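Enquirer: Contents of coords.cif (mmCIF, C-alpha atoms and all ligand atoms) are given next:
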data_start
loop_
_atom_site.label_atom_id
_atom_site.label_comp_id
_atom_site.auth_asym_id
_atom_site.auth_seq_id
_atom_site.Cartn_x
_atom_site.Cartn_y
_atom_site.Cartn_z
CA LEU A 1 -2.05 -67.74 -28.38
CA VAL A 2 -2.77 -68.23 -32.07
CA VAL A 3 0.01 -69.60 -34.31
CA VAL A 4 -0.14 -68.82 -38.03
CA ALA A 5 1.84 -71.34 -40.09
CA SER A 6 0.25 -70.48 -43.44
CA LEU A 7 3.67 -69.71 -44.92
CA VAL A 8 5.13 -73.05 -43.81
CA ASP A 9 4.96 -75.80 -46.41
CA LYS A 10 7.03 -78.73 -45.17
CA VAL A 11 4.85 -81.47 -43.71
CA PRO A 12 7.22 -82.39 -40.83
CA ASN A 13 7.27 -78.75 -39.69
CA LEU A 14 3.45 -78.51 -39.77
CA ALA A 15 3.13 -81.82 -37.93
CA GLY A 16 5.67 -80.81 -35.29
CA LEU A 17 3.93 -77.46 -34.79
CA THR A 18 0.58 -79.21 -34.38
CA ARG A 19 2.05 -81.37 -31.63
CA THR A 20 3.79 -78.47 -29.87
CA CYS A 21 0.68 -76.27 -30.07
CA GLU A 22 -1.47 -79.06 -28.62
CA ILE A 23 0.92 -79.68 -25.74
CA PHE A 24 1.02 -76.01 -24.76
CA ASN A 25 -2.73 -75.59 -25.23
CA CYS A 26 -2.57 -72.95 -27.97
CA GLU A 27 -5.91 -71.55 -29.02
CA CYS A 28 -5.53 -72.27 -32.74
CA LEU A 29 -2.94 -73.29 -35.35
CA VAL A 30 -3.47 -71.93 -38.85
CA VAL A 31 -2.11 -74.15 -41.64
CA PRO A 32 -2.04 -73.56 -45.41
CA ASP A 33 -4.16 -76.63 -46.17
CA LEU A 34 -6.12 -78.87 -43.80
CA SER A 35 -5.61 -81.88 -46.07
CA VAL A 36 -2.09 -82.13 -44.61
CA LYS A 37 -3.73 -84.09 -41.77
CA GLU A 38 -4.17 -87.06 -44.11
CA ASP A 39 -0.46 -87.20 -44.98
CA LYS A 40 1.33 -90.26 -43.63
CA ARG A 41 4.39 -88.25 -42.58
CA PHE A 42 2.11 -85.81 -40.73
CA LYS A 43 0.42 -88.59 -38.80
CA GLY A 44 3.75 -90.09 -37.77
CA ILE A 45 5.00 -86.86 -36.22
CA SER A 46 1.77 -85.32 -34.89
CA VAL A 47 0.79 -88.52 -33.03
CA THR A 48 -2.97 -87.64 -33.13
CA ALA A 49 -2.37 -84.09 -31.83
CA ASP A 50 -4.63 -82.79 -34.63
CA LYS A 51 -7.58 -84.52 -32.95
CA TRP A 52 -7.27 -82.28 -29.89
CA MET A 53 -5.73 -79.18 -31.44
CA PRO A 54 -8.03 -76.69 -33.22
CA LEU A 55 -6.60 -76.31 -36.75
CA MET A 56 -7.77 -73.70 -39.23
CA GLN A 57 -6.97 -73.27 -42.91
CA ALA A 58 -5.71 -70.04 -44.51
CA LYS A 59 -3.60 -69.75 -47.66
CA GLU A 60 -0.78 -67.21 -47.95
CA ALA A 61 -3.06 -64.81 -49.85
CA GLU A 62 -5.53 -64.84 -46.94
CA VAL A 63 -3.01 -64.08 -44.20
CA LEU A 64 -3.18 -60.29 -44.40
CA GLY A 65 -6.98 -60.37 -43.96
CA LEU A 66 -6.72 -62.88 -41.13
CA LEU A 67 -4.19 -60.76 -39.24
CA SER A 68 -6.36 -57.66 -39.45
CA LEU A 69 -9.33 -59.65 -38.19
CA TYR A 70 -7.34 -60.75 -35.14
CA ARG A 71 -6.07 -57.21 -34.61
CA LYS A 72 -9.66 -55.95 -34.50
CA ARG A 73 -10.32 -58.56 -31.82
CA GLY A 74 -7.52 -57.10 -29.67
CA TYR A 75 -4.67 -59.45 -30.54
CA THR A 76 -1.06 -58.25 -30.85
CA ILE A 77 0.43 -59.54 -34.11
CA ILE A 78 4.01 -60.75 -33.79
CA ALA A 79 6.24 -61.93 -36.63
CA VAL A 80 8.81 -64.50 -35.56
CA GLU A 81 11.68 -63.23 -37.68
CA GLN A 82 15.20 -61.86 -37.69
CA THR A 83 15.05 -58.27 -38.90
CA ALA A 84 16.97 -55.06 -38.19
CA ARG A 85 14.11 -53.91 -35.95
CA SER A 86 13.33 -57.19 -34.20
CA LEU A 87 13.24 -57.28 -30.41
CA SER A 88 15.04 -60.15 -28.71
CA ILE A 89 12.87 -62.86 -27.10
CA THR A 90 14.96 -62.28 -23.95
CA ASN A 91 13.38 -58.91 -23.22
CA PHE A 92 9.91 -59.10 -24.65
CA LYS A 93 6.89 -59.17 -22.33
CA PHE A 94 4.02 -60.98 -24.01
CA PRO A 95 0.48 -59.64 -23.76
CA GLU A 96 -2.20 -62.32 -23.31
CA LYS A 97 -3.78 -62.12 -26.75
CA VAL A 98 -1.04 -62.87 -29.26
CA VAL A 99 -0.85 -64.06 -32.86
CA LEU A 100 2.54 -65.49 -33.88
CA LEU A 101 3.29 -65.36 -37.61
CA LEU A 102 5.97 -67.82 -38.74
CA GLY A 103 7.98 -67.35 -41.95
CA LYS A 104 8.64 -69.45 -45.04
CA GLU A 105 11.32 -72.12 -44.71
CA LYS A 106 13.51 -70.40 -47.32
CA GLU A 107 12.56 -66.75 -47.65
CA GLY A 108 11.15 -65.99 -44.20
CA VAL A 109 8.22 -63.58 -43.73
CA PRO A 110 7.59 -61.53 -46.93
CA VAL A 111 8.21 -57.77 -46.56
CA GLY A 112 4.56 -56.95 -47.26
CA LEU A 113 3.50 -58.96 -44.22
CA LEU A 114 6.39 -57.73 -42.05
CA ASN A 115 5.08 -54.21 -42.54
CA SER A 116 1.68 -55.16 -41.21
CA VAL A 117 2.68 -56.76 -37.91
CA ASP A 118 2.90 -54.96 -34.55
CA GLN A 119 6.28 -56.39 -33.59
CA CYS A 120 9.06 -58.70 -34.80
CA ILE A 121 10.73 -60.99 -32.29
CA GLU A 122 13.97 -62.86 -32.84
CA ILE A 123 15.84 -65.59 -31.02
CA PRO A 124 19.51 -64.73 -30.50
CA GLN A 125 21.94 -66.96 -32.41
CA PHE A 126 25.60 -67.67 -31.66
CA GLY A 127 26.58 -70.14 -34.36
CA VAL A 128 27.49 -70.00 -38.02
CA ILE A 129 24.19 -71.14 -39.60
CA ARG A 130 21.90 -68.31 -40.76
CA SER A 131 18.66 -69.39 -39.13
CA LEU A 132 16.84 -71.88 -36.95
CA ASN A 133 14.29 -74.38 -38.23
CA VAL A 134 10.82 -72.80 -38.33
CA HIS A 135 9.20 -75.33 -35.96
CA VAL A 136 12.05 -74.91 -33.50
CA SER A 137 11.64 -71.11 -33.66
CA GLY A 138 7.88 -71.37 -33.13
CA ALA A 139 8.35 -73.80 -30.24
CA LEU A 140 10.79 -71.47 -28.47
CA LEU A 141 8.35 -68.55 -28.74
CA ILE A 142 5.40 -70.70 -27.65
CA TRP A 143 7.38 -71.89 -24.64
CA GLU A 144 8.46 -68.38 -23.64
CA TYR A 145 4.84 -67.20 -23.92
CA THR A 146 3.69 -70.15 -21.80
CA ARG A 147 6.39 -69.55 -19.21
CA GLN A 148 5.42 -65.89 -18.84
CA MET A 149 1.71 -66.71 -18.52
CA MET A 150 2.47 -69.37 -15.87
CA GLN A 151 4.54 -66.85 -13.92
CA LYS A 152 1.71 -64.29 -14.09
CA ASN A 153 -0.70 -66.82 -12.65
CA VAL A 154 1.39 -67.63 -9.57
CA SER A 155 2.35 -64.06 -8.67
N1 LIG A 201 14.94 -65.58 -42.96
C1 LIG A 201 15.78 -66.79 -43.02
C2 LIG A 201 15.08 -68.00 -43.60
C3 LIG A 201 13.87 -68.42 -42.91
S1 LIG A 201 14.10 -69.55 -41.59
C4 LIG A 201 16.98 -66.51 -43.83
O1 LIG A 201 17.07 -65.44 -44.41
O2 LIG A 201 17.84 -67.37 -43.89
C5 LIG A 201 12.39 -69.96 -41.40
C6 LIG A 201 11.65 -69.21 -40.35
O3 LIG A 201 12.09 -69.62 -39.07
C7 LIG A 201 11.77 -67.71 -40.34
O4 LIG A 201 10.95 -67.08 -41.28
C8 LIG A 201 11.36 -67.38 -38.91
O5 LIG A 201 9.96 -67.43 -38.78
C9 LIG A 201 11.98 -68.54 -38.15
N2 LIG A 201 13.31 -68.26 -37.61
C10 LIG A 201 14.47 -68.86 -37.94
N3 LIG A 201 15.48 -68.39 -37.18
C11 LIG A 201 14.95 -67.47 -36.34
C12 LIG A 201 15.47 -66.64 -35.29
N4 LIG A 201 16.75 -66.68 -34.93
N5 LIG A 201 14.63 -65.82 -34.65
C13 LIG A 201 13.32 -65.77 -34.98
N6 LIG A 201 12.76 -66.53 -35.95
C14 LIG A 201 13.57 -67.38 -36.62
#
Before we go any further, please render this structure as structure tokens.

Expert:
Amino acid sequence: LVVVASLVDKVPNLAGLTRTCEIFNCECLVVPDLSVKEDKRFKGISVTADKWMPLMQAKEAEVLGLLSLYRKRGYTIIAVEQTARSLSITNFKFPEKVVLLLGKEKEGVPVGLLNSVDQCIEIPQFGVIRSLNVHVSGALLIWEYTRQMMQKNVS
């Protein structure tokens, strides 16, 4: 599982994602700028997770190229986003090789990128607020992926 957080710019979200990705043994977390590791706020939240978690740098402009590279390597590209054609996380069966693309804190995943993913997945919401926090959304998808892979391995 590769998590692309190139569109995420808040340090606490990047730090939280680093920690969550490390704990669930994700293959790689892509961040917009590796220098975020030196940020004091990052260190406080990631609690050294960046030492064990493979981080890679890609700016927003490089995301399209990165996604097509992963697709060529057999990965299914999934945007974590609420759209009219999103599938619910409750009935999606994850393949093993997956790239999760997370959206921008304010605008979500830009339309240009949404058009180039294989699938959009959303988490059902029952409250009044428009959307979940991006790290929370990523964590829920990472957990569901992990749960499904664990189930595969016991059956
Ligand atoms: N598109 C939102 C704003 C982005 S929220 C809006 O129009 O208000 C930041 C990011 O969190 C999104 O791009 C997406 O990656 C993720 N996210 C938030 N809520 C989500 C949900 N219910 N399902 C899937 N992803 C979600």

Enquirer: For segment 117-136 of chain A, take all atoms listed in the file, fit an axis-aligned box around them, add 5 Å to each of the six sides, then output centre and edge lengths in Å rounded to one decimal, as JSON.

Expert:
{"center_x": 15.1, "center_y": -65.1, "center_z": -35.6, "size_x": 34.8, "size_y": 30.4, "size_z": 20.3}

Enquirer: Using only C-alpha atoms, which residues sit within 8 Å of Gln119 of chain A once same-chain residues fewer than 4 positions away are excluded, as number ranges by chain?

Expert: A: 77-79, 86-87

Enquirer: Let me have all residues with an atom within 7 Å of ligand LIG 201 (chain A), counting only C-alpha atoms and all ligand atoms, laid out as an MDAnalysis selection string.

Expert: chainID A and resid 79:82 102:109 121:125 130:134 137

Enquirer: With distances taken over all atoms listed in the file, which of A:Glu96, A:Asp33, A:Glu144, A:Glu22 is nearest to Leu7 of chain A?

Expert: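 For Leu7 of chain A, the nearest of the given residues is A:Asp33.
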
Enquirer: Find the residue from A:Val8, A:Val47, A:Val98, A:Ala61 that sits nearest to Glu27 of chain A; use all atoms listed in the file when measuring.

Expert: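 So, comparing all the options, the nearest one is A:Val98.
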
Enquirer: Thr20 of chain A: which residues within 12 Å, counting only C-alpha atoms, same-chain residues fewer than 3 positions away excluded, as a PDB file with C-alpha atoms, in the coordinates of the input?

Expert:
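Result went into result25.pdb, see below:
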ATOM      1  CA  VAL A   3       0.010 -69.600 -34.310  1.00  0.00           C
ATOM      2  CA  ASN A  13       7.270 -78.750 -39.690  1.00  0.00           C
ATOM      3  CA  LEU A  14       3.450 -78.510 -39.770  1.00  0.00           C
ATOM      4  CA  ALA A  15       3.130 -81.820 -37.930  1.00  0.00           C
ATOM      5  CA  GLY A  16       5.670 -80.810 -35.290  1.00  0.00           C
ATOM      6  CA  LEU A  17       3.930 -77.460 -34.790  1.00  0.00           C
ATOM      7  CA  ILE A  23       0.920 -79.680 -25.740  1.00  0.00           C
ATOM      8  CA  PHE A  24       1.020 -76.010 -24.760  1.00  0.00           C
ATOM      9  CA  ASN A  25      -2.730 -75.590 -25.230  1.00  0.00           C
ATOM     10  CA  CYS A  26      -2.570 -72.950 -27.970  1.00  0.00           C
ATOM     11  CA  GLU A  27      -5.910 -71.550 -29.020  1.00  0.00           C
ATOM     12  CA  CYS A  28      -5.530 -72.270 -32.740  1.00  0.00           C
ATOM     13  CA  LEU A  29      -2.940 -73.290 -35.350  1.00  0.00           C
ATOM     14  CA  ILE A  45       5.000 -86.860 -36.220  1.00  0.00           C
ATOM     15  CA  SER A  46       1.770 -85.320 -34.890  1.00  0.00           C
ATOM     16  CA  VAL A  47       0.790 -88.520 -33.030  1.00  0.00           C
ATOM     17  CA  THR A  48      -2.970 -87.640 -33.130  1.00  0.00           C
ATOM     18  CA  ALA A  49      -2.370 -84.090 -31.830  1.00  0.00           C
ATOM     19  CA  ASP A  50      -4.630 -82.790 -34.630  1.00  0.00           C
ATOM     20  CA  TRP A  52      -7.270 -82.280 -29.890  1.00  0.00           C
ATOM     21  CA  MET A  53      -5.730 -79.180 -31.440  1.00  0.00           C
ATOM     22  CA  HIS A 135       9.200 -75.330 -35.960  1.00  0.00           C
ATOM     23  CA  VAL A 136      12.050 -74.910 -33.500  1.00  0.00           C
ATOM     24  CA  SER A 137      11.640 -71.110 -33.660  1.00  0.00           C
ATOM     25  CA  GLY A 138       7.880 -71.370 -33.130  1.00  0.00           C
ATOM     26  CA  ALA A 139       8.350 -73.800 -30.240  1.00  0.00           C
ATOM     27  CA  LEU A 140      10.790 -71.470 -28.470  1.00  0.00           C
ATOM     28  CA  LEU A 141       8.350 -68.550 -28.740  1.00  0.00           C
ATOM     29  CA  ILE A 142       5.400 -70.700 -27.650  1.00  0.00           C
ATOM     30  CA  TRP A 143       7.380 -71.890 -24.640  1.00  0.00           C
ATOM     31  CA  THR A 146       3.690 -70.150 -21.800  1.00  0.00           C
TER      32      THR A 146
END

Enquirer: With all atoms listed in the file as the atoms that count, which of A:Val36, A:Val111, A:Leu100, A:Val128 lies nearest to Val2 of chain A?

Expert: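 With all atoms listed in the file as the atom set, the closest residue is A:Leu100.
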
Enquirer: Separation of atom CA of Tyr70 of chain A and atom CA of Tyr145 of chain A, in Å?

Expert: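 Distance between the two atoms: 17.8 Å.
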
Enquirer: Rounded to one decimal in Å, what is the spacing between atom CA of Val31 of chain A and atom CA of Asn115 of chain A?

Expert: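 Going from atom CA of Val31 of chain A over to atom CA of Asn115 of chain A, I get 21.2 Å.
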